[in-house]
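A.B. asks: Just so it is clear, I am handing over input.csv, which has CSV, C-alpha atoms.
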chain,number,residue,atom,x,y,z
A,1,MET,CA,39.1,65.7,214.6
A,2,MET,CA,37.1,66.6,211.5
A,3,ARG,CA,33.6,67.8,212.2
A,4,GLU,CA,31.0,66.3,209.8
A,5,TRP,CA,30.0,69.6,208.1
A,6,GLU,CA,33.7,70.2,207.3
A,7,ASN,CA,33.6,67.3,204.9
A,8,ASN,CA,31.7,69.6,202.5
A,9,VAL,CA,33.8,72.7,202.9
A,10,ARG,CA,35.8,73.8,199.9
A,11,LYS,CA,39.4,73.8,201.1
A,12,VAL,CA,42.2,75.5,199.3
A,13,VAL,CA,45.7,76.9,200.1
A,14,PRO,CA,45.2,80.6,199.7
A,15,TYR,CA,47.4,83.1,197.9
A,16,THR,CA,49.9,84.8,200.2
A,17,PRO,CA,50.1,88.5,199.5
A,18,GLY,CA,53.2,90.6,200.2
A,19,GLU,CA,53.6,91.9,203.7
A,20,GLN,CA,52.0,95.3,204.4
A,21,PRO,CA,54.0,96.8,207.2
A,22,GLN,CA,52.1,99.4,209.3
A,23,ASP,CA,55.3,101.4,210.1
A,24,GLN,CA,55.3,104.2,207.5
A,25,ARG,CA,59.0,104.8,208.0
A,26,VAL,CA,60.1,101.6,206.3
A,27,ILE,CA,61.3,101.4,202.7
A,28,LYS,CA,58.6,99.2,201.1
A,29,LEU,CA,60.0,97.3,198.1
A,30,ASN,CA,58.0,94.1,198.4
A,31,THR,CA,54.7,94.5,196.7
A,32,ASN,CA,55.4,96.1,193.3
A,33,GLU,CA,53.4,99.3,194.0
A,34,ASN,CA,54.2,102.4,192.2
A,35,PRO,CA,56.4,104.7,194.3
A,36,TYR,CA,54.9,107.9,192.8
A,37,PRO,CA,51.5,109.3,193.4
A,38,PRO,CA,48.7,109.4,190.9
A,39,SER,CA,48.6,112.4,188.5
A,40,PRO,CA,47.7,115.9,190.0
A,41,GLY,CA,44.6,116.0,187.8
A,42,PHE,CA,43.4,112.7,189.2
A,43,LEU,CA,44.1,113.8,192.8
A,44,GLN,CA,42.1,117.0,192.2
A,45,ALA,CA,39.2,115.1,190.7
A,46,ALA,CA,39.3,112.7,193.8
A,47,ARG,CA,39.0,115.7,196.1
A,48,GLU,CA,36.1,117.1,194.2
A,49,TRP,CA,34.1,113.9,193.7
A,50,ALA,CA,30.5,114.3,194.8
A,51,GLY,CA,29.8,111.9,197.6
A,52,GLU,CA,26.0,112.3,197.4
A,53,GLU,CA,26.0,109.9,194.4
A,54,LEU,CA,26.7,107.0,196.9
A,55,ARG,CA,23.1,106.7,197.7
A,56,LEU,CA,22.6,105.2,194.2
A,57,TYR,CA,23.7,101.8,192.9
A,58,PRO,CA,26.7,102.2,190.6
A,59,ASP,CA,26.2,101.6,186.9
A,60,PRO,CA,26.5,97.8,186.6
A,61,SER,CA,28.0,98.2,183.1
A,62,ALA,CA,30.6,100.7,184.4
A,63,LYS,CA,30.1,102.5,181.0
A,64,VAL,CA,32.1,105.6,181.8
A,65,LEU,CA,35.1,103.6,182.7
A,66,VAL,CA,34.7,101.0,179.9
A,67,ASP,CA,34.3,103.8,177.3
A,68,ALA,CA,37.4,105.6,178.6
A,69,ILE,CA,39.5,102.5,178.4
A,70,ALA,CA,38.3,101.6,175.0
A,71,ALA,CA,39.0,105.1,173.7
A,72,TYR,CA,42.5,105.1,175.2
A,73,HIS,CA,43.4,101.8,173.5
A,74,GLY,CA,41.6,102.5,170.2
A,75,LEU,CA,39.0,99.8,170.8
A,76,GLN,CA,35.2,99.5,170.8
A,77,PRO,CA,33.5,99.4,174.2
A,78,GLU,CA,32.3,95.8,173.5
A,79,GLN,CA,36.0,94.8,173.5
A,80,VAL,CA,36.5,95.8,177.1
A,81,PHE,CA,35.6,94.2,180.4
A,82,VAL,CA,36.4,95.8,183.8
A,83,GLY,CA,36.7,94.4,187.3
A,84,VAL,CA,37.9,95.0,190.9
A,85,GLY,CA,41.6,94.7,190.1
A,86,SER,CA,43.1,92.4,187.6
A,87,ASP,CA,42.8,89.6,190.2
A,88,ASP,CA,39.0,89.9,190.0
A,89,VAL,CA,39.2,89.9,186.2
A,90,LEU,CA,41.5,86.9,186.1
A,91,ALA,CA,39.4,84.9,188.5
A,92,MET,CA,36.3,85.6,186.5
A,93,SER,CA,38.2,84.6,183.4
A,94,PHE,CA,39.2,81.2,184.9
A,95,LEU,CA,35.6,80.6,185.9
A,96,THR,CA,34.3,81.6,182.5
A,97,PHE,CA,36.8,80.0,180.0
A,98,PHE,CA,38.6,77.2,181.7
A,99,ASN,CA,35.9,74.5,181.9
A,100,SER,CA,37.4,71.7,179.9
A,101,SER,CA,38.4,68.3,181.4
A,102,LYS,CA,41.8,68.9,179.8
A,103,PRO,CA,44.4,70.7,182.0
A,104,ILE,CA,45.1,74.4,181.6
A,105,LEU,CA,48.8,75.4,181.2
A,106,PHE,CA,50.8,78.1,183.0
A,107,PRO,CA,54.5,78.3,184.0
A,108,ASP,CA,55.9,76.5,187.0
A,109,ILE,CA,57.4,79.9,188.2
A,110,THR,CA,54.7,82.6,187.8
A,111,TYR,CA,52.0,84.5,189.5
A,112,SER,CA,51.1,82.3,192.4
A,113,PHE,CA,47.4,83.1,192.3
A,114,TYR,CA,47.0,80.9,189.1
A,115,ASP,CA,47.2,77.6,190.9
A,116,VAL,CA,45.0,79.0,193.7
A,117,TRP,CA,42.2,79.7,191.3
A,118,ALA,CA,42.7,76.4,189.5
A,119,GLU,CA,42.3,74.6,192.8
A,120,LEU,CA,39.4,76.7,193.9
A,121,PHE,CA,37.4,76.2,190.7
A,122,ARG,CA,38.5,72.5,190.4
A,123,ILE,CA,40.3,73.2,187.1
A,124,PRO,CA,43.0,70.6,186.2
A,125,TYR,CA,46.3,72.2,185.4
A,126,GLU,CA,49.9,71.5,184.4
A,127,ARG,CA,52.9,73.8,184.9
A,128,PRO,CA,55.5,73.6,182.2
A,129,ARG,CA,58.9,74.2,183.6
A,130,LEU,CA,60.7,77.4,182.7
A,131,ALA,CA,64.1,77.1,181.0
A,132,GLU,CA,67.1,77.3,183.2
A,133,ASP,CA,67.4,81.0,182.6
A,134,PHE,CA,63.7,81.3,183.7
A,135,SER,CA,62.4,82.1,180.2
A,136,ILE,CA,59.1,80.6,179.0
A,137,VAL,CA,59.5,77.9,176.3
A,138,PRO,CA,56.7,78.4,173.7
A,139,LYS,CA,56.8,74.8,172.5
A,140,ASP,CA,55.8,73.6,175.9
A,141,TYR,CA,52.4,75.1,175.3
A,142,PHE,CA,51.8,73.4,171.9
A,143,GLY,CA,50.2,70.2,173.2
A,144,GLU,CA,46.5,69.5,173.8
A,145,ASN,CA,45.1,71.6,176.7
A,146,GLY,CA,42.1,73.3,178.2
A,147,GLY,CA,43.5,76.8,178.0
A,148,VAL,CA,46.7,78.8,178.5
A,149,ILE,CA,47.7,81.7,180.7
A,150,PHE,CA,51.0,83.4,181.3
A,151,PRO,CA,52.1,86.9,182.4
A,152,ASN,CA,54.2,89.0,180.0
A,153,PRO,CA,56.5,90.1,181.6
A,154,ASN,CA,56.4,87.1,183.8
A,155,ALA,CA,56.3,87.5,187.6
A,156,PRO,CA,58.3,87.2,189.7
A,157,THR,CA,61.1,87.0,187.2
A,158,GLY,CA,60.4,90.2,185.3
A,159,MET,CA,61.4,88.5,182.0
A,160,ASP,CA,59.4,89.3,178.9
A,161,MET,CA,58.6,87.4,175.7
A,162,GLY,CA,58.7,89.0,172.3
A,163,LEU,CA,55.5,89.4,170.4
A,164,ASP,CA,56.7,86.7,167.9
A,165,MET,CA,56.9,84.1,170.7
A,166,VAL,CA,53.5,85.1,172.1
A,167,GLU,CA,52.0,84.6,168.6
A,168,GLU,CA,53.7,81.3,168.3
A,169,ILE,CA,51.8,80.1,171.4
A,170,LEU,CA,48.5,81.5,169.9
A,171,GLU,CA,49.1,79.8,166.6
A,172,HIS,CA,49.2,76.5,168.3
A,173,ASN,CA,46.2,77.1,170.6
A,174,ARG,CA,43.4,78.4,168.3
A,175,ASP,CA,40.8,76.1,169.9
A,176,VAL,CA,41.2,77.3,173.5
A,177,VAL,CA,41.3,80.7,175.2
A,178,VAL,CA,44.8,82.1,175.7
A,179,ILE,CA,45.1,84.8,178.4
A,180,VAL,CA,48.1,87.1,178.5
A,181,ASP,CA,48.4,88.8,181.8
A,182,GLU,CA,50.0,92.2,181.2
A,183,ALA,CA,50.1,93.7,184.7
A,184,TYR,CA,53.7,95.0,184.1
A,185,VAL,CA,53.7,95.5,180.3
A,186,ASP,CA,54.0,99.3,180.6
A,187,PHE,CA,57.5,99.1,182.0
A,188,GLY,CA,59.2,97.9,178.8
A,189,ALA,CA,57.6,94.8,177.3
A,190,GLU,CA,55.7,94.5,174.0
A,191,SER,CA,51.9,94.2,174.4
A,192,ALA,CA,49.9,91.4,172.7
A,193,LEU,CA,47.0,93.9,172.3
A,194,PRO,CA,47.5,94.3,168.5
A,195,LEU,CA,46.8,90.5,168.2
A,196,ILE,CA,43.3,90.6,169.5
A,197,GLU,CA,41.9,91.5,166.0
A,198,LYS,CA,43.6,88.4,164.6
A,199,TYR,CA,42.9,85.9,167.4
A,200,GLU,CA,39.3,85.8,168.6
A,201,ASN,CA,40.4,83.6,171.5
A,202,LEU,CA,43.0,86.0,172.9
A,203,LEU,CA,42.3,87.9,176.1
A,204,VAL,CA,44.7,90.6,177.3
A,205,VAL,CA,44.5,91.6,181.0
A,206,ARG,CA,45.8,94.8,182.5
A,207,THR,CA,45.6,96.7,185.8
A,208,PHE,CA,45.7,100.3,187.1
A,209,SER,CA,47.6,99.0,190.2
A,210,LYS,CA,51.2,99.2,188.9
A,211,SER,CA,52.0,101.8,186.2
A,212,ARG,CA,49.0,104.0,187.0
A,213,SER,CA,49.8,104.3,190.8
A,214,LEU,CA,46.3,103.2,191.8
A,215,ALA,CA,46.7,99.9,193.6
A,216,GLY,CA,44.3,101.2,196.3
A,217,LEU,CA,41.5,101.9,193.9
A,218,ARG,CA,41.3,98.3,192.5
A,219,ILE,CA,40.8,98.5,188.8
A,220,GLY,CA,41.6,95.7,186.4
A,221,TYR,CA,40.4,95.2,182.8
A,222,ALA,CA,40.4,92.7,180.0
A,223,MET,CA,40.5,93.4,176.2
A,224,GLY,CA,39.5,90.9,173.6
A,225,SER,CA,37.0,90.0,171.0
A,226,PRO,CA,33.4,91.0,171.6
A,227,VAL,CA,32.4,87.4,172.0
A,228,LEU,CA,34.9,86.8,174.8
A,229,ILE,CA,33.8,90.0,176.6
A,230,LYS,CA,30.2,89.0,176.3
A,231,TYR,CA,30.9,85.6,177.9
A,232,LEU,CA,32.8,87.4,180.8
A,233,ASN,CA,29.9,89.8,181.3
A,234,ASP,CA,27.4,86.9,181.3
A,235,VAL,CA,29.3,85.3,184.2
A,236,LYS,CA,29.8,88.6,186.0
A,237,PHE,CA,26.0,89.4,185.9
A,238,SER,CA,25.3,85.8,187.2
A,239,PHE,CA,27.6,86.4,190.1
A,240,ASN,CA,27.4,90.1,191.1
A,241,SER,CA,26.1,92.9,189.0
A,242,TYR,CA,27.7,95.7,191.0
A,243,THR,CA,31.3,94.7,191.2
A,244,MET,CA,32.7,98.2,190.9
A,245,ASP,CA,31.7,101.1,193.1
A,246,GLN,CA,30.7,104.5,191.8
A,247,PRO,CA,33.9,106.5,192.8
A,248,THR,CA,36.1,103.9,191.2
A,249,ILE,CA,34.2,104.0,187.9
A,250,CYS,CA,34.3,107.8,187.7
A,251,LEU,CA,37.9,108.3,189.0
A,252,GLY,CA,39.2,105.4,187.0
A,253,ALA,CA,38.2,107.1,183.8
A,254,LYS,CA,39.8,110.3,185.0
A,255,ALA,CA,43.1,108.5,185.6
A,256,LEU,CA,43.5,108.0,181.8
A,257,GLU,CA,43.6,111.7,181.0
A,258,ASP,CA,47.1,112.8,182.0
A,259,GLU,CA,49.3,110.9,179.5
A,260,GLU,CA,52.3,113.2,179.9
A,261,TYR,CA,52.5,112.5,183.7
A,262,PHE,CA,52.0,108.8,183.1
A,263,GLN,CA,54.8,108.6,180.6
A,264,GLU,CA,57.1,110.7,182.9
A,265,THR,CA,56.5,108.3,185.8
A,266,LEU,CA,57.2,105.3,183.7
A,267,ARG,CA,60.5,106.8,182.5
A,268,LYS,CA,61.6,107.5,186.1
A,269,ILE,CA,60.9,104.0,187.2
A,270,ILE,CA,62.6,102.4,184.2
A,271,ASN,CA,65.7,104.6,184.6
A,272,THR,CA,65.9,103.8,188.3
A,273,ARG,CA,65.4,100.1,187.6
A,274,GLU,CA,68.3,100.1,185.1
A,275,TRP,CA,70.5,102.0,187.5
A,276,ALA,CA,69.7,99.7,190.4
A,277,GLU,CA,70.3,96.6,188.3
A,278,LYS,CA,73.8,97.9,187.4
A,279,GLU,CA,74.6,98.7,191.1
A,280,LEU,CA,73.4,95.3,192.3
A,281,ARG,CA,75.5,93.5,189.8
A,282,ALA,CA,78.5,95.4,191.0
A,283,LEU,CA,77.7,94.0,194.5
A,284,GLY,CA,77.8,90.4,193.2
A,285,PHE,CA,74.1,90.0,192.4
A,286,GLU,CA,72.9,88.4,189.2
A,287,SER,CA,69.6,89.2,187.5
A,288,ALA,CA,67.9,89.0,184.2
A,289,ASP,CA,67.1,92.2,182.4
A,290,SER,CA,63.8,93.1,183.9
A,291,LYS,CA,60.9,94.6,181.9
A,292,ALA,CA,58.8,95.1,185.0
A,293,ASN,CA,58.8,97.5,188.0
A,294,PHE,CA,60.9,95.0,190.0
A,295,ILE,CA,64.2,93.2,189.9
A,296,PHE,CA,64.6,89.4,190.5
A,297,ALA,CA,68.0,89.0,191.9
A,298,THR,CA,70.3,86.3,193.4
A,299,HIS,CA,73.7,86.7,195.0
A,300,LYS,CA,76.5,84.3,194.2
A,301,ASP,CA,77.8,84.2,197.7
A,302,HIS,CA,75.1,85.1,200.2
A,303,PRO,CA,71.8,83.2,200.8
A,304,ALA,CA,68.7,85.1,199.8
A,305,GLU,CA,66.9,84.4,203.0
A,306,LYS,CA,69.7,85.9,205.1
A,307,ILE,CA,69.8,89.0,202.9
A,308,TYR,CA,66.0,89.3,203.2
A,309,GLY,CA,66.2,89.0,207.0
A,310,LEU,CA,69.0,91.6,207.3
A,311,LEU,CA,67.2,94.1,205.1
A,312,ARG,CA,63.9,93.6,207.0
A,313,GLN,CA,65.5,94.1,210.4
A,314,SER,CA,66.7,97.5,209.1
A,315,GLY,CA,63.3,98.6,207.8
A,316,ILE,CA,63.8,97.7,204.1
A,317,TYR,CA,61.2,95.2,202.9
A,318,VAL,CA,61.8,93.1,199.8
A,319,ARG,CA,60.0,89.8,198.8
A,320,TYR,CA,61.4,86.4,199.5
A,321,PHE,CA,59.8,83.2,198.2
A,322,ASP,CA,60.6,80.0,200.0
A,323,LYS,CA,59.8,77.9,196.9
A,324,ASP,CA,61.6,75.4,194.7
A,325,ARG,CA,64.0,76.9,192.1
A,326,ILE,CA,63.6,80.5,193.4
A,327,ARG,CA,64.4,80.4,197.1
A,328,GLU,CA,67.8,81.9,196.4
A,329,HIS,CA,66.2,84.9,194.7
A,330,LEU,CA,64.8,88.2,196.0
A,331,ARG,CA,62.2,90.2,194.2
A,332,ILE,CA,63.0,93.9,194.7
A,333,SER,CA,60.3,96.4,193.7
A,334,VAL,CA,61.6,99.6,192.2
A,335,GLY,CA,61.1,102.5,194.6
A,336,THR,CA,62.1,106.1,194.1
A,337,GLN,CA,65.7,106.9,193.2
A,338,GLU,CA,66.3,107.9,196.8
A,339,GLU,CA,64.9,104.7,198.2
A,340,MET,CA,66.9,102.5,195.8
A,341,GLU,CA,70.1,104.5,196.7
A,342,THR,CA,69.4,103.8,200.3
A,343,LEU,CA,69.0,100.1,199.5
A,344,ILE,CA,72.3,100.0,197.6
A,345,ARG,CA,74.2,101.9,200.2
A,346,PHE,CA,72.9,99.6,202.9
A,347,LEU,CA,74.0,96.5,201.0
A,348,GLN,CA,77.4,98.1,200.3
A,349,GLU,CA,77.9,98.6,204.0
A,350,ASN,CA,76.5,95.4,205.4
A,351,LEU,CA,76.5,92.6,202.8
A,352,SER,CA,79.9,91.3,203.9
A,353,SER,CA,78.6,90.8,207.5
A,354,ILE,CA,76.3,88.0,206.3
Before anything else, please render the file you have as structure tokens.
C.D. replies:
Amino acid sequence: MMREWENNVRKVVPYTPGEQPQDQRVIKLNTNENPYPPSPGFLQAAREWAGEELRLYPDPSAKVLVDAIAAYHGLQPEQVFVGVGSDDVLAMSFLTFFNSSKPILFPDITYSFYDVWAELFRIPYERPRLAEDFSIVPKDYFGENGGVIFPNPNAPTGMDMGLDMVEEILEHNRDVVVIVDEAYVDFGAESALPLIEKYENLLVVRTFSKSRSLAGLRIGYAMGSPVLIKYLNDVKFSFNSYTMDQPTICLGAKALEDEEYFQETLRKIINTREWAEKELRALGFESADSKANFIFATHKDHPAEKIYGLLRQSGIYVRYFDKDRIREHLRISVGTQEEMETLIRFLQENLSSI
């Protein structure tokens, strides 16, 4: 029976994150974390960080981090906004920019937090259907709308769009804000960042969680025209001035310094991804060429849910989505070469038993 006060509770179906097993002995390929540690220089800085600063409030503008991100990308500080992970940045962007009575648009198969935020903030939305090969169809975003958001590469498919297709969507949406979520762009896709000088309504969102091995630090950021960034900051300072803590601000800036280590880690993940894709196809799996740090695969003979269950029982965690159109697919995060070899070896030995 509904209690009277519950009539005024905002009710939403929450986002379901990937399982976080407590057993450290498992092979964890289900949450798209980077299998390699942060750079040695970052780790040294973390060990040396002065804790006495915690008695003070952090800089609400996060200037040290904003300046470092801007310098890294060749931008001005007023073109950068930072938040507690890209989820915080995206949620703030939904709240700031998607206030029309017209529906916003995002793909039917995509990051499942988008519809959660839309429901939470009472934003009307429509989800254009991906093509049968799971690619985004640009013309589906040409109609009247209240804003557009899509990941590139998309999640959980790992498929990317070329910059020409991204710009095609922008050209047809000059009167609304277009957000390109680039959480996985460093693993092989082309960034829309060069377009922010041409399109004042474009917001590009990134994260330190994937390619920079810092999912536990929670740093996300957006890049766009100064007017977009100002609007984001206005909403942030109306909500919570101190969204980022002092260690995160200081150490986040430090994380951008070791470019050689960063590129080396990317190369290892990309090489392992391409090797694993080839091995999976030899076992009867099908997958599109991924440009992310995961592989979205289906098997022609064996149900995805059964493969998922068999792997999980053996301490190998991958992601299974019990959703329309993708319930026969598994999303497999790219681990170390050794972890992926263990996965392939297990499938070679046990797939026929399903």
A.B. asks: Quick one: residues within 10 Å of Tyr231 in chain A, all atoms listed in the file counted, chain neighbours fewer than 5 positions away excluded, as a ChimeraX atom specification?
C.D. replies: /A:93,96-97,226,236
A.B. asks: Can you write out the residues you just picked, keeping C-alpha atoms, as a short mmCIF file (atom, residue, chain, number, x, y, z; two decimals), in the frame of the given file?
C.D. replies:
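Below is the file that was written, out21.cif:
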data_model
loop_
_atom_site.label_atom_id
_atom_site.label_comp_id
_atom_site.auth_asym_id
_atom_site.auth_seq_id
_atom_site.Cartn_x
_atom_site.Cartn_y
_atom_site.Cartn_z
CA SER A 93 38.20 84.60 183.40
CA THR A 96 34.30 81.60 182.50
CA PHE A 97 36.80 80.00 180.00
CA PRO A 226 33.40 91.00 171.60
CA LYS A 236 29.80 88.60 186.00
#
A.B. asks: I need the residue nearest Asn271 in chain A from this list: A:Gln337, A:Ser314, A:Gln76, A:Asn201. Use all atoms listed in the file for the distance.
C.D. replies: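 Nearest candidate to Asn271 in chain A out of A:Gln337, A:Ser314, A:Gln76, A:Asn201: A:Gln337.
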A.B. asks: Select, from A:Leu310, A:Leu193, A:Tyr317, A:Ile123, the residue with the minimum atom-to-atom distance to Gln22 in chain A, counting all atoms listed in the file.
C.D. replies: A:Tyr317
A.B. asks: Which residue gives the smallest distance to Ile219 in chain A among A:Glu277, A:Glu197, A:Asp245, A:Asp133, with only C-alpha atoms counted?
C.D. replies: A:Asp245
A.B. asks: For range 216-280 of chain A against range 48-70 of chain A, with a cut-off of 7 Å and counting all atoms listed in the file, what is the closest atom pair and its distance in Å to one decimal for every residue that makes the cut, ordered by chain and number, as CSV?
C.D. replies:
residue,atom,partner,partner_atom,distance
A:Ser241,CA,A:Pro60,CA,5.5
A:Tyr242,CA,A:Pro60,CA,5.0
A:Asp245,CA,A:Pro58,CA,5.7
A:Gln246,CA,A:Pro58,CA,4.8
A:Ile249,CA,A:Leu65,CA,5.3
A:Cys250,CA,A:Leu65,CA,6.6
A:Gly252,CA,A:Leu65,CA,6.2
A:Ala253,CA,A:Leu65,CA,4.8
A.B. asks: Please, what distance in Å, to one decimal, runs between CA of His172 in chain A and CA of Val137 in chain A?
C.D. replies: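 Answer for the CA of His172 in chain A to CA of Val137 in chain A separation: 13.1 Å.
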A.B. asks: Counting all atoms listed in the file, which residues of range 30-135 of chain A fall within 12 Å of range 322-325 of chain A, and what is the closest atom pair for each with its distance in Å at one decimal, ordered by chain and rising number, as CSV?
C.D. replies:
residue,atom,partner,partner_atom,distance
A:Asp108,CA,A:Arg325,CA,9.6
A:Ile109,CA,A:Arg325,CA,8.2
A:Thr110,CA,A:Lys323,CA,11.4
A:Ser112,CA,A:Lys323,CA,10.7
A:Arg129,CA,A:Arg325,CA,10.3
A:Leu130,CA,A:Arg325,CA,10.0
A:Ala131,CA,A:Arg325,CA,11.1
A:Glu132,CA,A:Arg325,CA,9.4
A:Asp133,CA,A:Arg325,CA,10.9
A:Phe134,CA,A:Arg325,CA,9.5
A.B. asks: If you measure from CA of Gln20 in chain A to CA of Arg319 in chain A, what distance in Å do you get, rounded to one decimal?
C.D. replies: 11.2 Å
A.B. asks: Distance CA of Leu203 in chain A-CA of Met223 in chain A, one decimal place?
C.D. replies: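 Value for the CA of Leu203 in chain A-CA of Met223 in chain A distance: 5.8 Å.
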A.B. asks: Show me the residues close to (45.9, 109.1, 191.4) - anything with an atom within 7 Å, counting only C-alpha atoms - and format the list as a list in words.
C.D. replies: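 In the file's frame, the residues around the point are Pro37, Pro38, Ser39, Phe42, Leu43, Ser213, Leu214 and Ala255 of chain A.
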A.B. asks: Write out, as a CSV table (one decimal), keeping the file's coordinate frame, the residues just selected, with C-alpha atoms.
C.D. replies:
chain,number,residue,atom,x,y,z
A,37,PRO,CA,51.5,109.3,193.4
A,38,PRO,CA,48.7,109.4,190.9
A,39,SER,CA,48.6,112.4,188.5
A,42,PHE,CA,43.4,112.7,189.2
A,43,LEU,CA,44.1,113.8,192.8
A,213,SER,CA,49.8,104.3,190.8
A,214,LEU,CA,46.3,103.2,191.8
A,255,ALA,CA,43.1,108.5,185.6
A.B. asks: Counting only C-alpha atoms, which residues sit no farther than 6 Å from the position (43.1, 99.4, 187.0) in the file's frame? I'd like them as a PDB file with C-alpha atoms, keeping the file's coordinate frame.
C.D. replies:
ATOM      1  CA  GLY A  85      41.600  94.700 190.100  1.00  0.00           C
ATOM      2  CA  THR A 207      45.600  96.700 185.800  1.00  0.00           C
ATOM      3  CA  PHE A 208      45.700 100.300 187.100  1.00  0.00           C
ATOM      4  CA  SER A 209      47.600  99.000 190.200  1.00  0.00           C
ATOM      5  CA  ARG A 218      41.300  98.300 192.500  1.00  0.00           C
ATOM      6  CA  ILE A 219      40.800  98.500 188.800  1.00  0.00           C
ATOM      7  CA  GLY A 220      41.600  95.700 186.400  1.00  0.00           C
TER       8      GLY A 220
END
A.B. asks: If you count only C-alpha atoms, which residues fall within 6 Å of Ile332 in chain A, apart from same-chain ones fewer than 6 positions away, as a PyMOL selection string?
C.D. replies: chain A and resi 29+294-295+318
A.B. asks: Go ahead and save the picked residues with C-alpha atoms, as a short mmCIF file (atom, residue, chain, number, x, y, z; two decimals), keeping the file's coordinate frame.
C.D. replies:
data_model
loop_
_atom_site.label_atom_id
_atom_site.label_comp_id
_atom_site.auth_asym_id
_atom_site.auth_seq_id
_atom_site.Cartn_x
_atom_site.Cartn_y
_atom_site.Cartn_z
CA LEU A 29 60.00 97.30 198.10
CA PHE A 294 60.90 95.00 190.00
CA ILE A 295 64.20 93.20 189.90
CA VAL A 318 61.80 93.10 199.80
#
A.B. asks: Restricting the calculation to all atoms listed in the file, which member of A:Ala276, A:Val84, A:Leu217, A:Val12 is positioned closest to Phe113 in chain A?
C.D. replies: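 So, comparing all the options, the nearest one is A:Val12.
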A.B. asks: With distances taken over all atoms listed in the file, which of A:Ile179, A:Leu120, A:Leu266, A:Met165 is nearest to Gly147 in chain A?
C.D. replies: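 Among A:Ile179, A:Leu120, A:Leu266, A:Met165, it is A:Ile179 that comes nearest to Gly147 in chain A.
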A.B. asks: For Leu330 in chain A, work out the shell of residues within 6 Å, counting all atoms listed in the file and skipping chain neighbours fewer than 6 positions away, then give it as a PyMOL selection string.
C.D. replies: chain A and resi 296-297+319-320
A.B. asks: Counting all atoms listed in the file, figure out which residue out of A:Ile316, A:Gly146, A:Asn233, A:Glu126 gets nearest to Ser101 in chain A.
C.D. replies: A:Gly146
A.B. asks: Could you give me, as a count of residues only, the residues within 12 Å of Gln313 in chain A, counting only C-alpha atoms and dropping anything in the same chain fewer than 6 positions from it?
C.D. replies: 5
